[in-house]
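Below is one structure, written out as structure tokens; comments come after it.
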Amino acid sequence: MSDVRDRGGAAGAAPPGAAESSSKATASRQRDALDREVEAIGQAWAEARIDALKREGRPIAGGWPGTMSEARARVSGCTRTATRGVEPDRETMARRAYVVARARWLSRTAPDGDE
């Protein structure tokens with residue numbers, strides 16, 4: 001009968017490389033969560049602009065009115081998931097939020113300026 005020492009570890013011990021694999025999986029989950037958070041920031045940003053224009057009685061028309069400076073400010077607090085092995089690239093996050101917001105805006109604009 002083989003004993004634990006024959007298999008190269010203590011009873012209940014994780015196999016070699018399991019900790020590294022688990023760490024990579026955690027980092028991947030954190031990156032995914034961060035991506036979802038940035039996506040939500042972009043969506044909310046566009047919707048807030050659209051809602052503001054609607055309240056003013058203005059048409060949702062033309063190009064996206066947001067700026068990269070605004071995008072950077074919006075993602076600046078996006079650190080909730082940036083822990084243990086995931087160092088967020090703020091500029092990439094800002095660009096992604098901007099692209100998402102712009103796409104959302106453009107999907108909501110009416111060709112004739114009326115919504």
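Residue names in the structure tokens use chain letters A, B, ... in the order shown, residue numbers from 1 in each chain, and ligand numbers from 1 in the order shown.
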Determine, counting only C-alpha atoms, which protein, DNA and RNA residues have an atom within 6 Å of an atom of region 90-102 of chain A; residues of the same chain fewer than 2 positions away are not included. Present the result as an MDAnalysis selection string. chainID A and resid 38:39 42:43 46 64 71:72 88 104:105
Could the residues in this selection be written to a file with C-alpha atoms, as an mmCIF file, in the first residue's frame?
```cif
data_model
loop_
_atom_site.group_PDB
_atom_site.id
_atom_site.type_symbol
_atom_site.label_atom_id
_atom_site.label_comp_id
_atom_site.auth_asym_id
_atom_site.auth_seq_id
_atom_site.Cartn_x
_atom_site.Cartn_y
_atom_site.Cartn_z
ATOM 1 C CA VAL A 38 -15.124 49.726 -16.706
ATOM 2 C CA GLU A 39 -17.841 48.658 -19.145
ATOM 3 C CA GLY A 42 -18.891 53.735 -19.806
ATOM 4 C CA GLN A 43 -22.540 52.705 -20.098
ATOM 5 C CA ALA A 46 -23.417 57.746 -21.727
ATOM 6 C CA TRP A 64 -20.147 61.812 -28.457
ATOM 7 C CA ALA A 71 -12.984 59.184 -18.893
ATOM 8 C CA ARG A 72 -9.810 59.270 -16.787
ATOM 9 C CA PRO A 88 -4.885 48.211 -13.647
ATOM 10 C CA ARG A 104 -23.688 53.661 -26.394
ATOM 11 C CA TRP A 105 -24.215 57.316 -27.295
#
```
Could you write out, as a PDB file with C-alpha atoms, in the first residue's frame, all the residues of region 20-105 of chain A that DSSP marks as alpha helix (DSSP H)?
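Output below, filename out.pdb:
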```pdb
ATOM      1  CA  GLU A  20       0.411  29.325  -9.063  1.00  0.00           C
ATOM      2  CA  SER A  21      -2.559  28.097 -11.089  1.00  0.00           C
ATOM      3  CA  SER A  22      -4.966  29.312  -8.423  1.00  0.00           C
ATOM      4  CA  SER A  23      -3.219  32.693  -8.341  1.00  0.00           C
ATOM      5  CA  LYS A  24      -3.523  33.014 -12.125  1.00  0.00           C
ATOM      6  CA  ALA A  25      -7.213  32.089 -11.964  1.00  0.00           C
ATOM      7  CA  THR A  26      -7.794  34.690  -9.256  1.00  0.00           C
ATOM      8  CA  ALA A  27      -5.977  37.346 -11.281  1.00  0.00           C
ATOM      9  CA  SER A  28      -8.048  36.414 -14.327  1.00  0.00           C
ATOM     10  CA  ARG A  29     -11.286  36.728 -12.354  1.00  0.00           C
ATOM     11  CA  GLN A  30     -10.146  40.088 -11.019  1.00  0.00           C
ATOM     12  CA  ARG A  31      -9.326  41.323 -14.535  1.00  0.00           C
ATOM     13  CA  ASP A  32     -12.740  40.156 -15.732  1.00  0.00           C
ATOM     14  CA  ALA A  33     -14.423  41.975 -12.852  1.00  0.00           C
ATOM     15  CA  LEU A  34     -12.413  45.105 -13.611  1.00  0.00           C
ATOM     16  CA  ASP A  35     -13.388  44.879 -17.296  1.00  0.00           C
ATOM     17  CA  ARG A  36     -17.059  44.596 -16.327  1.00  0.00           C
ATOM     18  CA  GLU A  37     -16.704  47.563 -13.979  1.00  0.00           C
ATOM     19  CA  VAL A  38     -15.124  49.726 -16.706  1.00  0.00           C
ATOM     20  CA  GLU A  39     -17.841  48.658 -19.145  1.00  0.00           C
ATOM     21  CA  ALA A  40     -20.513  49.662 -16.610  1.00  0.00           C
ATOM     22  CA  ILE A  41     -18.789  53.015 -16.073  1.00  0.00           C
ATOM     23  CA  GLY A  42     -18.891  53.735 -19.806  1.00  0.00           C
ATOM     24  CA  GLN A  43     -22.540  52.705 -20.098  1.00  0.00           C
ATOM     25  CA  ALA A  44     -23.557  54.803 -17.090  1.00  0.00           C
ATOM     26  CA  TRP A  45     -21.593  57.785 -18.384  1.00  0.00           C
ATOM     27  CA  ALA A  46     -23.417  57.746 -21.727  1.00  0.00           C
ATOM     28  CA  GLU A  47     -26.798  57.236 -20.090  1.00  0.00           C
ATOM     29  CA  ALA A  48     -26.168  60.143 -17.713  1.00  0.00           C
ATOM     30  CA  ARG A  49     -25.367  62.420 -20.666  1.00  0.00           C
ATOM     31  CA  ILE A  50     -28.453  61.234 -22.534  1.00  0.00           C
ATOM     32  CA  ASP A  51     -30.683  61.737 -19.487  1.00  0.00           C
ATOM     33  CA  ALA A  52     -29.283  65.241 -18.909  1.00  0.00           C
ATOM     34  CA  LEU A  53     -30.013  66.273 -22.488  1.00  0.00           C
ATOM     35  CA  LYS A  54     -33.516  64.813 -22.308  1.00  0.00           C
ATOM     36  CA  ARG A  55     -34.240  66.775 -19.122  1.00  0.00           C
ATOM     37  CA  MET A  68     -10.698  61.473 -22.424  1.00  0.00           C
ATOM     38  CA  SER A  69     -10.107  63.707 -19.386  1.00  0.00           C
ATOM     39  CA  GLU A  70     -13.616  62.855 -18.212  1.00  0.00           C
ATOM     40  CA  ALA A  71     -12.984  59.184 -18.893  1.00  0.00           C
ATOM     41  CA  ARG A  72      -9.810  59.270 -16.787  1.00  0.00           C
ATOM     42  CA  ALA A  73     -11.702  60.942 -13.939  1.00  0.00           C
ATOM     43  CA  ARG A  74     -14.508  58.386 -14.153  1.00  0.00           C
ATOM     44  CA  VAL A  75     -12.184  55.384 -13.881  1.00  0.00           C
ATOM     45  CA  ARG A  90      -5.575  53.502 -15.931  1.00  0.00           C
ATOM     46  CA  GLU A  91      -5.081  54.848 -19.455  1.00  0.00           C
ATOM     47  CA  THR A  92      -6.342  51.609 -21.017  1.00  0.00           C
ATOM     48  CA  MET A  93      -9.294  51.625 -18.631  1.00  0.00           C
ATOM     49  CA  ALA A  94     -10.094  55.241 -19.563  1.00  0.00           C
ATOM     50  CA  ARG A  95      -9.897  54.449 -23.281  1.00  0.00           C
ATOM     51  CA  ARG A  96     -12.198  51.473 -22.851  1.00  0.00           C
ATOM     52  CA  ALA A  97     -14.748  53.483 -20.840  1.00  0.00           C
ATOM     53  CA  TYR A  98     -14.634  56.200 -23.515  1.00  0.00           C
ATOM     54  CA  VAL A  99     -15.164  53.692 -26.346  1.00  0.00           C
ATOM     55  CA  VAL A 100     -18.078  52.036 -24.519  1.00  0.00           C
ATOM     56  CA  ALA A 101     -19.708  55.387 -23.738  1.00  0.00           C
ATOM     57  CA  ARG A 102     -19.257  56.631 -27.297  1.00  0.00           C
ATOM     58  CA  ALA A 103     -20.737  53.443 -28.758  1.00  0.00           C
ATOM     59  CA  ARG A 104     -23.688  53.661 -26.394  1.00  0.00           C
ATOM     60  CA  TRP A 105     -24.215  57.316 -27.295  1.00  0.00           C
TER      61      TRP A 105
END
```
